[in-house]
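Source file: coords.cif. Holds: mmCIF, C-alpha atoms.
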```cif
data_input
#
loop_
_atom_site.label_atom_id
_atom_site.label_comp_id
_atom_site.auth_asym_id
_atom_site.auth_seq_id
_atom_site.Cartn_x
_atom_site.Cartn_y
_atom_site.Cartn_z
CA MET J 1 95.23 190.58 68.09
CA LYS J 2 97.91 191.34 65.50
CA SER J 3 98.52 189.19 62.44
CA VAL J 4 101.82 187.42 61.79
CA ALA J 5 102.50 189.86 58.94
CA GLU J 6 101.97 192.84 61.24
CA ILE J 7 104.38 191.43 63.83
CA LEU J 8 107.01 190.73 61.17
CA ASN J 9 106.72 194.29 59.92
CA GLU J 10 107.19 195.64 63.44
CA ILE J 11 110.41 193.65 63.87
CA ARG J 12 111.97 194.36 60.46
CA PRO J 13 110.00 197.24 58.87
CA GLU J 14 112.61 197.68 56.15
CA PHE J 15 111.67 194.38 54.42
CA ASP J 16 108.72 193.36 52.25
CA PHE J 17 107.94 189.97 53.74
CA ALA J 18 105.23 189.30 51.12
CA SER J 19 107.95 189.07 48.47
CA SER J 20 109.84 186.19 50.11
CA THR J 21 109.20 182.52 50.79
CA ASP J 22 112.38 182.05 52.81
CA PHE J 23 112.78 184.84 55.37
CA VAL J 24 115.89 183.36 57.00
CA GLY J 25 117.57 182.27 53.76
CA ASP J 26 116.93 185.69 52.22
CA GLY J 27 118.59 187.42 55.18
CA MET J 28 115.42 189.11 56.44
CA LEU J 29 115.49 187.41 59.85
CA ASP J 30 118.68 186.56 61.78
CA SER J 31 118.90 184.37 64.86
CA PHE J 32 118.22 187.26 67.24
CA ASP J 33 115.23 188.33 65.15
CA LEU J 34 113.81 184.82 65.63
CA ILE J 35 114.05 185.29 69.39
CA THR J 36 112.37 188.69 69.22
CA LEU J 37 109.72 187.24 66.91
CA VAL J 38 109.00 184.25 69.17
CA SER J 39 108.68 186.54 72.18
CA ALA J 40 106.23 188.75 70.26
CA LEU J 41 104.22 185.76 68.97
CA ASP J 42 104.06 184.24 72.47
CA GLY J 43 102.68 187.47 73.89
CA ASN J 44 100.28 188.08 71.03
CA TYR J 45 98.73 184.60 71.00
CA GLY J 46 99.05 183.80 74.72
CA ILE J 47 101.19 180.71 74.12
CA SER J 48 104.77 179.57 74.65
CA ILE J 49 106.36 178.22 71.49
CA LEU J 50 108.50 175.24 72.41
CA GLY J 51 112.21 176.02 72.50
CA THR J 52 112.90 172.97 70.36
CA ASP J 53 110.63 174.45 67.66
CA ILE J 54 112.76 177.58 67.33
CA VAL J 55 114.59 176.47 64.21
CA PRO J 56 114.90 178.32 60.86
CA GLU J 57 112.63 175.84 59.01
CA ASN J 58 109.67 177.00 61.06
CA PHE J 59 110.21 180.66 60.13
CA GLN J 60 110.60 180.44 56.35
CA ASN J 61 107.37 182.27 55.54
CA VAL J 62 104.00 183.26 56.99
CA GLN J 63 102.53 179.81 56.28
CA THR J 64 105.22 177.92 58.21
CA ILE J 65 104.95 180.40 61.08
CA GLU J 66 101.19 179.93 61.22
CA ALA J 67 101.64 176.15 61.21
CA LEU J 68 104.07 176.53 64.09
CA LEU J 69 101.57 178.66 65.99
CA ARG J 70 98.81 176.09 65.53
CA LYS J 71 101.14 173.32 66.69
CA ASN J 72 101.83 175.30 69.85
CA GLY J 73 98.17 175.88 70.61
CA ALA J 74 97.39 179.25 69.06
CA GLY J 75 93.81 179.68 67.84
CA LEU J 76 94.16 181.00 64.30
CA MET R 1 126.30 158.95 84.21
CA ASN R 2 124.79 158.87 87.70
CA PHE R 3 126.58 159.65 90.96
CA THR R 4 125.51 159.61 94.59
CA PHE R 5 127.25 161.16 97.56
CA HIS R 6 126.47 160.61 101.21
CA ARG R 7 127.04 162.88 104.20
CA LYS R 8 128.48 165.79 102.25
CA ARG R 9 127.40 169.43 102.27
CA ILE R 10 128.07 172.93 101.06
CA SER R 11 128.87 175.07 104.09
CA GLY R 12 129.46 178.47 102.50
CA ILE R 13 129.28 180.44 99.25
CA PHE R 14 131.16 183.67 98.57
CA VAL R 15 130.98 185.44 95.21
CA VAL R 16 133.40 188.07 93.94
CA VAL R 17 132.22 190.43 91.19
CA PRO R 18 134.28 193.28 89.73
CA GLU R 19 133.09 196.73 90.82
CA ASN R 20 133.27 197.88 87.19
CA GLU R 21 129.68 197.79 85.91
CA ARG R 22 128.86 198.10 82.21
CA SER R 23 125.47 199.04 80.81
CA PHE R 24 124.03 197.46 77.68
CA VAL R 25 122.34 200.72 76.70
CA GLU R 26 125.66 202.54 76.82
CA GLU R 27 127.43 199.79 74.87
CA MET R 28 124.84 199.47 72.09
CA LYS R 29 126.75 201.99 69.97
CA ASN R 30 129.62 199.51 69.72
CA PHE R 31 127.48 197.20 67.63
CA ASN R 32 126.73 197.88 64.01
CA PHE R 33 123.06 197.34 64.69
CA PRO R 34 119.91 199.53 64.76
CA LEU R 35 119.05 200.98 68.15
CA ALA R 36 115.41 199.83 68.12
CA ARG R 37 116.40 196.22 67.49
CA SER R 38 118.99 196.33 70.27
CA LEU R 39 116.37 197.62 72.70
CA LYS R 40 114.00 194.78 71.78
CA LEU R 41 116.81 192.34 72.36
CA LYS R 42 117.53 193.90 75.75
CA GLU R 43 113.93 193.35 76.79
CA VAL R 44 113.72 189.73 75.61
CA MET R 45 117.18 188.49 76.59
CA GLY R 46 117.52 190.47 79.80
CA PHE R 47 120.69 192.29 78.76
CA ASP R 48 121.19 195.24 81.09
CA LYS R 49 124.08 195.47 83.52
CA ARG R 50 127.13 193.30 83.79
CA ARG R 51 130.43 193.28 85.62
CA ILE R 52 133.80 193.03 83.93
CA VAL R 53 137.34 193.08 85.28
CA PRO R 54 139.68 196.05 84.83
CA PRO R 55 142.47 195.66 82.27
CA GLY R 56 145.07 193.14 83.39
CA ALA R 57 143.01 191.46 86.10
CA CYS R 58 143.19 187.65 86.08
CA VAL R 59 141.32 184.75 87.62
CA SER R 60 143.88 184.38 90.40
CA ASP R 61 143.39 188.06 91.34
CA LEU R 62 139.67 187.57 91.90
CA ALA R 63 140.23 184.31 93.76
CA VAL R 64 142.96 185.65 96.04
CA PHE R 65 140.88 188.75 96.77
CA GLY R 66 137.90 186.60 97.78
CA LEU R 67 139.88 184.14 99.87
CA GLN R 68 141.63 186.98 101.70
CA ARG R 69 138.21 188.43 102.60
CA LEU R 70 137.12 185.02 103.94
CA PHE R 71 140.28 184.77 106.06
CA GLU R 72 139.75 188.32 107.38
CA GLN R 73 136.12 187.58 108.25
CA GLY R 74 137.15 184.43 110.08
CA TRP R 75 134.85 182.37 107.83
CA LEU R 76 137.74 180.21 106.63
CA LYS R 77 141.09 179.30 108.15
CA GLN R 78 144.08 178.96 105.84
CA GLY R 79 145.31 175.78 107.48
CA ASP R 80 141.94 174.04 107.10
CA ILE R 81 142.07 173.89 103.30
CA ASP R 82 142.93 170.33 102.22
CA ALA R 83 142.13 170.77 98.53
CA LEU R 84 141.80 173.76 96.26
CA LEU R 85 139.91 173.10 93.04
CA LEU R 86 139.72 175.79 90.39
CA VAL R 87 137.23 175.56 87.53
CA THR R 88 138.12 178.02 84.81
CA GLN R 89 138.46 178.41 81.06
CA THR R 90 140.55 181.56 81.35
CA PRO R 91 143.64 180.56 83.37
CA ASP R 92 146.42 183.04 84.12
CA HIS R 93 148.89 180.90 82.12
CA PHE R 94 149.11 177.63 80.18
CA MET R 95 151.37 176.50 82.98
CA PRO R 96 151.55 176.29 85.91
CA ALA R 97 148.03 175.58 87.12
CA THR R 98 146.32 178.73 88.35
CA SER R 99 145.26 176.88 91.52
CA SER R 100 148.97 176.51 92.32
CA LEU R 101 149.48 180.25 91.80
CA ILE R 102 146.60 180.96 94.19
CA GLN R 103 148.05 178.59 96.78
CA GLY R 104 151.47 180.24 96.47
CA ARG R 105 150.18 183.79 96.71
CA LEU R 106 148.21 182.97 99.84
CA GLY R 107 151.02 180.96 101.45
CA LEU R 108 148.81 177.93 102.01
CA LYS R 109 150.22 174.70 103.45
CA GLN R 110 152.08 172.23 101.22
CA ASP R 111 150.10 169.24 102.45
CA MET R 112 147.17 169.81 100.11
CA LEU R 113 145.91 169.22 96.58
CA CYS R 114 145.73 171.98 93.94
CA LEU R 115 143.85 171.12 90.78
CA ASP R 116 142.66 173.10 87.76
CA ILE R 117 139.59 171.87 85.91
CA ASN R 118 138.89 173.16 82.41
CA GLN R 119 135.11 173.35 82.29
CA ALA R 120 132.62 176.00 81.25
CA CYS R 121 129.02 176.56 82.24
CA ALA R 122 128.54 173.04 83.66
CA GLY R 123 131.59 173.67 85.82
CA PHE R 124 129.82 174.34 89.09
CA VAL R 125 128.10 170.93 89.09
CA ILE R 126 131.28 169.21 87.87
CA GLY R 127 133.40 171.02 90.46
CA LEU R 128 131.02 170.00 93.24
CA MET R 129 131.19 166.38 92.11
CA GLN R 130 134.99 166.44 92.18
CA ALA R 131 134.94 168.03 95.62
CA PHE R 132 132.51 165.47 97.01
CA MET R 133 134.68 162.66 95.62
CA LEU R 134 137.72 164.10 97.38
CA LEU R 135 135.80 164.24 100.65
CA GLU R 136 135.53 160.45 100.48
CA GLN R 137 139.21 160.47 101.51
CA GLU R 138 139.81 160.41 105.24
CA SER R 139 142.60 162.99 104.94
CA VAL R 140 140.39 165.53 103.19
CA ARG R 141 138.11 167.43 105.54
CA LYS R 142 137.57 170.70 103.74
CA VAL R 143 137.60 171.46 100.01
CA VAL R 144 137.62 174.94 98.54
CA LEU R 145 135.98 175.01 95.12
CA ILE R 146 136.73 178.14 93.13
CA ASN R 147 134.80 178.87 89.95
CA ALA R 148 136.21 181.84 88.08
CA ASP R 149 136.38 183.30 84.61
CA VAL R 150 137.41 186.60 83.01
CA LEU R 151 136.02 185.83 79.58
CA SER R 152 135.38 189.52 78.79
CA ARG R 153 139.10 189.67 78.00
CA LYS R 154 138.58 187.14 75.20
CA ALA R 155 135.33 188.53 73.73
CA SER R 156 135.16 190.89 70.76
CA PRO R 157 133.50 194.22 71.68
CA LYS R 158 132.13 194.21 68.11
CA ASP R 159 130.41 190.82 68.44
CA ARG R 160 126.79 191.31 69.40
CA ASN R 161 126.33 187.53 69.68
CA ILE R 162 128.32 187.28 72.87
CA TYR R 163 129.85 190.54 74.12
CA PRO R 164 126.69 192.06 75.70
CA LEU R 165 126.10 189.03 77.87
CA ILE R 166 129.60 188.27 79.19
CA GLY R 167 130.30 188.90 82.85
CA ASP R 168 133.42 188.21 84.88
CA ALA R 169 133.28 186.78 88.39
CA ALA R 170 134.65 184.25 90.84
CA SER R 171 132.94 182.18 93.48
CA ILE R 172 134.35 180.33 96.45
CA THR R 173 132.33 177.39 97.70
CA ILE R 174 133.31 175.48 100.83
CA LEU R 175 132.53 171.76 101.01
CA GLU R 176 132.69 169.52 104.05
CA ARG R 177 131.35 166.29 105.44
CA ASP R 178 127.82 166.46 106.81
CA THR R 179 126.88 165.15 110.24
CA GLN R 180 123.35 164.56 108.90
CA ASP R 181 122.58 161.46 106.87
CA SER R 182 122.19 163.44 103.67
CA VAL R 183 122.15 162.04 100.13
CA ILE R 184 123.12 163.98 97.01
CA TYR R 185 122.08 162.75 93.57
CA SER R 186 123.83 163.92 90.45
CA ASN R 187 124.08 163.09 86.79
CA LEU R 188 126.39 164.31 84.09
CA LYS R 189 126.60 164.05 80.32
CA ALA R 190 129.11 165.14 77.68
CA ASP R 191 129.21 165.36 73.90
CA GLY R 192 132.58 166.41 72.53
CA SER R 193 131.39 165.94 68.95
CA ARG R 194 129.68 169.31 69.35
CA ALA R 195 132.66 171.02 71.02
CA GLU R 196 133.09 173.64 68.30
CA ALA R 197 129.78 175.29 69.16
CA LEU R 198 131.53 177.20 71.93
CA MET R 199 135.25 177.76 71.65
CA ILE R 200 138.18 180.14 71.39
CA PRO R 201 139.73 178.99 68.08
CA ALA R 202 143.23 180.51 68.46
CA GLY R 203 145.67 180.83 71.31
CA GLY R 204 146.32 177.17 72.05
CA LEU R 205 148.85 174.96 70.35
CA ARG R 206 146.49 173.84 67.55
CA LEU R 207 146.27 177.42 66.30
CA PRO R 208 148.72 179.69 68.13
CA SER R 209 147.95 183.39 68.42
CA THR R 210 149.61 185.45 65.68
CA PRO R 211 149.01 188.95 64.29
CA GLU R 212 146.68 187.25 61.76
CA THR R 213 144.51 185.59 64.42
CA ALA R 214 144.04 189.00 66.07
CA VAL R 215 142.51 190.57 62.95
CA LEU R 216 138.79 191.31 63.22
CA GLU R 217 136.79 189.50 60.54
CA ASP R 218 133.24 190.09 59.31
CA VAL R 219 131.44 186.98 60.59
CA GLY R 220 127.96 187.98 59.42
CA ASP R 221 125.00 189.77 60.98
CA ASN R 222 127.20 192.89 61.24
CA ASN R 223 129.47 191.22 63.79
CA LEU R 224 133.27 191.48 63.85
CA ARG R 225 135.37 188.87 65.61
CA ALA R 226 138.98 187.58 65.55
CA LYS R 227 140.07 183.98 65.93
CA ASP R 228 141.59 185.00 69.27
CA HIS R 229 138.08 185.76 70.52
CA VAL R 230 135.48 183.47 72.02
CA PHE R 231 132.96 182.14 69.50
CA MET R 232 129.49 180.88 70.27
CA ASP R 233 127.05 179.31 67.83
CA GLY R 234 124.04 180.77 69.61
CA SER R 235 121.43 178.76 67.72
CA ALA R 236 123.25 175.47 68.30
CA ILE R 237 123.66 176.17 72.01
CA PHE R 238 120.03 177.22 72.34
CA ASN R 239 118.80 174.02 70.69
CA PHE R 240 121.22 171.93 72.73
CA VAL R 241 119.85 173.35 75.97
CA GLN R 242 116.19 173.00 75.00
CA THR R 243 116.71 169.43 73.78
CA GLU R 244 119.08 167.97 76.35
CA VAL R 245 118.40 169.71 79.65
CA PRO R 246 114.74 168.79 80.32
CA PRO R 247 115.36 165.01 79.99
CA LEU R 248 118.49 165.38 82.13
CA ILE R 249 116.44 166.90 84.96
CA GLU R 250 113.58 164.46 84.50
CA SER R 251 115.89 161.45 84.67
CA LEU R 252 117.57 162.80 87.80
CA LEU R 253 114.24 163.35 89.54
CA ALA R 254 113.08 159.88 88.52
CA TRP R 255 116.28 158.33 89.84
CA ALA R 256 115.90 160.19 93.14
CA GLY R 257 112.24 159.14 93.23
CA ILE R 258 110.79 162.62 93.57
CA SER R 259 108.71 165.05 91.51
CA THR R 260 109.28 168.71 90.68
CA ASP R 261 106.92 169.59 93.56
CA SER R 262 109.52 168.26 96.02
CA VAL R 263 112.15 170.68 94.75
CA ASP R 264 112.09 174.21 96.13
CA TYR R 265 114.19 175.74 93.36
CA PHE R 266 115.74 174.75 90.05
CA LEU R 267 118.91 176.82 90.07
CA CYS R 268 120.21 176.82 86.52
CA HIS R 269 123.19 178.28 84.77
CA GLN R 270 122.22 181.76 83.54
CA PRO R 271 122.86 182.21 79.80
CA ASN R 272 120.02 184.68 79.19
CA ARG R 273 116.44 185.29 80.30
CA PHE R 274 114.78 184.00 77.11
CA MET R 275 116.53 180.62 77.16
CA LEU R 276 115.64 180.05 80.81
CA GLN R 277 112.03 181.08 80.34
CA LYS R 278 111.71 178.60 77.47
CA LEU R 279 113.29 175.93 79.64
CA ALA R 280 110.85 176.66 82.47
CA ASP R 281 107.89 176.63 80.06
CA LYS R 282 108.97 173.28 78.63
CA MET R 283 109.19 171.80 82.14
CA LYS R 284 105.96 173.50 83.25
CA LEU R 285 107.78 175.30 86.05
CA SER R 286 107.08 178.84 87.22
CA TYR R 287 109.73 181.47 86.59
CA ALA R 288 109.87 181.95 90.38
CA LYS R 289 110.87 178.32 90.79
CA MET R 290 113.50 178.57 88.04
CA PRO R 291 114.84 182.12 88.54
CA ASN R 292 116.51 183.90 85.62
CA ASN R 293 117.65 187.30 86.93
CA ILE R 294 121.45 187.04 86.94
CA VAL R 295 122.31 188.10 83.39
CA GLU R 296 120.47 191.40 83.87
CA HIS R 297 122.44 192.23 87.02
CA PHE R 298 125.85 190.65 86.49
CA GLY R 299 126.11 189.13 83.00
CA ASN R 300 126.84 185.51 82.16
CA SER R 301 129.96 184.51 84.09
CA GLY R 302 130.07 180.86 82.99
CA SER R 303 130.33 178.41 85.86
CA VAL R 304 129.98 181.23 88.40
CA THR R 305 126.35 182.01 87.55
CA ILE R 306 124.82 179.29 89.76
CA PRO R 307 126.61 180.39 92.97
CA THR R 308 125.83 184.00 92.02
CA LEU R 309 122.17 183.06 91.62
CA ILE R 310 122.21 181.41 95.05
CA ALA R 311 123.93 184.31 96.81
CA PHE R 312 121.91 187.02 95.05
CA ASN R 313 118.44 185.48 95.47
CA LEU R 314 118.77 183.34 98.59
CA GLY R 315 121.63 185.06 100.43
CA GLU R 316 120.05 185.68 103.86
CA ARG R 317 117.48 182.90 103.60
CA LEU R 318 120.02 180.11 103.29
CA LEU R 319 121.80 181.24 106.44
CA LYS R 320 118.73 180.23 108.44
CA GLU R 321 116.88 177.50 106.59
CA THR R 322 117.52 174.55 104.31
CA LEU R 323 115.99 174.13 100.88
CA HIS R 324 115.90 171.17 98.53
CA VAL R 325 117.37 172.43 95.28
CA CYS R 326 118.32 171.15 91.86
CA LEU R 327 121.45 172.72 90.40
CA VAL R 328 121.66 172.55 86.60
CA GLY R 329 124.69 173.46 84.50
CA PHE R 330 125.10 173.29 80.72
CA GLY R 331 127.44 174.70 78.13
CA GLY R 332 130.87 174.40 76.54
CA GLY R 333 132.26 170.95 75.95
CA LEU R 334 129.46 170.32 75.38
CA ALA R 335 128.72 169.22 78.93
CA TRP R 336 125.57 169.21 81.01
CA GLY R 337 124.87 168.06 84.51
CA ALA R 338 122.40 168.35 87.38
CA MET R 339 122.54 167.79 91.12
CA LEU R 340 119.85 167.38 93.77
CA LEU R 341 120.84 168.34 97.28
CA ASP R 342 119.80 170.01 100.51
CA LEU R 343 121.29 173.48 100.62
CA GLY R 344 121.16 175.65 103.69
CA LYS R 345 122.25 176.60 107.20
CA LEU R 346 125.27 178.08 105.47
CA ASP R 347 128.03 179.80 107.44
CA PHE R 348 128.06 182.55 104.81
CA ASN R 349 126.36 183.29 101.50
CA ALA R 350 127.29 186.67 100.13
CA ILE R 351 128.54 188.76 97.21
CA VAL R 352 131.50 191.12 97.50
CA GLU R 353 132.93 193.62 95.01
CA TYR R 354 136.45 193.28 93.71
CA LYS R 355 138.17 196.64 93.97
CA GLU R 356 140.17 197.90 91.02
CA ASN R 357 142.94 199.28 93.21
CA HIS R 358 143.69 195.80 94.51
CA GLU R 359 147.32 195.05 93.72
CA TYR R 360 148.01 192.30 91.20
CA ALA R 361 150.84 189.90 91.71
#
```
Would you encode the structure as structure tokens?
Amino acid sequence: MKSVAEILNEIRPEFDFASSTDFVGDGMLDSFDLITLVSALDGNYGISILGTDIVPENFQNVQTIEALLRKNGAGL
Amino acid sequence: MNFTFHRKRISGIFVVVPENERSFVEEMKNFNFPLARSLKLKEVMGFDKRRIVPPGACVSDLAVFGLQRLFEQGWLKQGDIDALLLVTQTPDHFMPATSSLIQGRLGLKQDMLCLDINQACAGFVIGLMQAFMLLEQESVRKVVLINADVLSRKASPKDRNIYPLIGDAASITILERDTQDSVIYSNLKADGSRAEALMIPAGGLRLPSTPETAVLEDVGDNNLRAKDHVFMDGSAIFNFVQTEVPPLIESLLAWAGISTDSVDYFLCHQPNRFMLQKLADKMKLSYAKMPNNIVEHFGNSGSVTIPTLIAFNLGERLLKETLHVCLVGFGGGLAWGAMLLDLGKLDFNAIVEYKENHEYA
């Protein structure tokens, strides 16, 4: 199973996600990237992230993404 | 708002799609966007093939083409049409109503109603409701509901947010009284305070089209769009659908006193595959029960996607049998609505291609 950081790097390899605490605000993830990311996270963790949870606040950094995954039933 | 209709039915569905097919892979170069990211988007959203009209083709062209085919096939008689409803957001003109132009071009009788309805992706459900209301009148025996849009003509080819998903199409749905004691349940909601999430800013009287409104502007994320083009706040629309549509369906089922198990199919408007899969997951429905394969074959044609879904997936089947279905539309307005009805034993249920060499009026 891939880590969140590995999946982020696959989607936007040109960015250093470790250097940011606000991926969306810093322009590293746009709205279509969020969709691609959710699809990848769903497949990787065998879950379906609720559509109502797909909001920028939940994708600010690795910690908020991991919290989102736990909320949606991923075993981390 | 809840509605019920008794002894009404859909007796035929006929969809017209332009023969001109566009491929997302071929169009990716139009977007200022890395190839690998576009391909990922294609996989998740279901962008692939779509149909768009040739230059100059209008809603009335698609509608007249389809109605002429129905007359030729003997599936509809001109003199039987008591009302012609047209749901569109891309009319031929501000005035007159495009339904009147269609009536005139086909030489239909004067003793009938022609009515344009400005609705978007909820327009199939709303159009059906209007048609069923008309059938309450003794003088109205047959209603022709046309849903049609040529939104590709108002979309920026440099706007990745909307251009790859737009499809053009028209559908013709015939509605009549039912000899069976059938009941149709429907509900509808609207929220105009969120109207700007999906709009064409310029071209009306509030902001008339000028050379300035035709200038492409950088609107972020490497997209270019003019004020004359259609705008969609994708995130707002996505959240609207995920928040509002499940309770809409649940309240309709509760009102009708049935569960999801009693419904054969949930036939939703087709914005993109991802949004529909999330909707199905939220409602704990299989993707087979809430199909999502229209964008990849035809594009998103607004209020025409539900009849396209029906004709494409259940074309032959609904000629022979009857299914209990829930139609669900949602989109511009904002407006959202659902309808539970028996659908089947149709006289026709097919898709035909609009030929480019068809003469325009």
What do you get, as a PyMOL selection string, if you spell out every residue that the PyMOL selection byres ((chain R and resi 16) around 12) selects here? chain R and resi 13-15+17-20+51-53+59-70+146-150+167-173+298+301+304-305+307-308+311-312+349-355
Resulting file, chosen residues, C-alpha atoms, as an mmCIF file, keeping the file's coordinate frame:
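Generated output (out16.cif):
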```
data_model
loop_
_atom_site.group_PDB
_atom_site.id
_atom_site.type_symbol
_atom_site.label_atom_id
_atom_site.label_comp_id
_atom_site.auth_asym_id
_atom_site.auth_seq_id
_atom_site.Cartn_x
_atom_site.Cartn_y
_atom_site.Cartn_z
ATOM 1 C CA ILE R 13 129.280 180.440 99.250
ATOM 2 C CA PHE R 14 131.160 183.670 98.570
ATOM 3 C CA VAL R 15 130.980 185.440 95.210
ATOM 4 C CA VAL R 17 132.220 190.430 91.190
ATOM 5 C CA PRO R 18 134.280 193.280 89.730
ATOM 6 C CA GLU R 19 133.090 196.730 90.820
ATOM 7 C CA ASN R 20 133.270 197.880 87.190
ATOM 8 C CA ARG R 51 130.430 193.280 85.620
ATOM 9 C CA ILE R 52 133.800 193.030 83.930
ATOM 10 C CA VAL R 53 137.340 193.080 85.280
ATOM 11 C CA VAL R 59 141.320 184.750 87.620
ATOM 12 C CA SER R 60 143.880 184.380 90.400
ATOM 13 C CA ASP R 61 143.390 188.060 91.340
ATOM 14 C CA LEU R 62 139.670 187.570 91.900
ATOM 15 C CA ALA R 63 140.230 184.310 93.760
ATOM 16 C CA VAL R 64 142.960 185.650 96.040
ATOM 17 C CA PHE R 65 140.880 188.750 96.770
ATOM 18 C CA GLY R 66 137.900 186.600 97.780
ATOM 19 C CA LEU R 67 139.880 184.140 99.870
ATOM 20 C CA GLN R 68 141.630 186.980 101.700
ATOM 21 C CA ARG R 69 138.210 188.430 102.600
ATOM 22 C CA LEU R 70 137.120 185.020 103.940
ATOM 23 C CA ILE R 146 136.730 178.140 93.130
ATOM 24 C CA ASN R 147 134.800 178.870 89.950
ATOM 25 C CA ALA R 148 136.210 181.840 88.080
ATOM 26 C CA ASP R 149 136.380 183.300 84.610
ATOM 27 C CA VAL R 150 137.410 186.600 83.010
ATOM 28 C CA GLY R 167 130.300 188.900 82.850
ATOM 29 C CA ASP R 168 133.420 188.210 84.880
ATOM 30 C CA ALA R 169 133.280 186.780 88.390
ATOM 31 C CA ALA R 170 134.650 184.250 90.840
ATOM 32 C CA SER R 171 132.940 182.180 93.480
ATOM 33 C CA ILE R 172 134.350 180.330 96.450
ATOM 34 C CA THR R 173 132.330 177.390 97.700
ATOM 35 C CA PHE R 298 125.850 190.650 86.490
ATOM 36 C CA SER R 301 129.960 184.510 84.090
ATOM 37 C CA VAL R 304 129.980 181.230 88.400
ATOM 38 C CA THR R 305 126.350 182.010 87.550
ATOM 39 C CA PRO R 307 126.610 180.390 92.970
ATOM 40 C CA THR R 308 125.830 184.000 92.020
ATOM 41 C CA ALA R 311 123.930 184.310 96.810
ATOM 42 C CA PHE R 312 121.910 187.020 95.050
ATOM 43 C CA ASN R 349 126.360 183.290 101.500
ATOM 44 C CA ALA R 350 127.290 186.670 100.130
ATOM 45 C CA ILE R 351 128.540 188.760 97.210
ATOM 46 C CA VAL R 352 131.500 191.120 97.500
ATOM 47 C CA GLU R 353 132.930 193.620 95.010
ATOM 48 C CA TYR R 354 136.450 193.280 93.710
ATOM 49 C CA LYS R 355 138.170 196.640 93.970
#
```
Residues of chain J were defined as contacting chain R if any atom lay at most 7 Å from it, counting only C-alpha atoms; please report them as a ChimeraX atom specification. /J:31,36,39,48,50-52
Run through the PyMOL selection byres ((chain R and resi 77) around 12) on the given coordinates and return the selected residues as JSON, numbers by chain. {"R": [67, 68, 69, 70, 71, 72, 73, 74, 75, 76, 78, 79, 80, 81, 82, 106, 108, 109, 142, 143, 144, 174]}
Coordinates-based distance that separates CA of Asn187 (chain R) from CA of Ser259 (chain R) (Å, one decimal): 16.2 Å
Rounded to one decimal, what separation in Å do you get between CA of Ala197 (chain R) and CA of Leu327 (chain R)?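 A separation of 23.0 Å between them.
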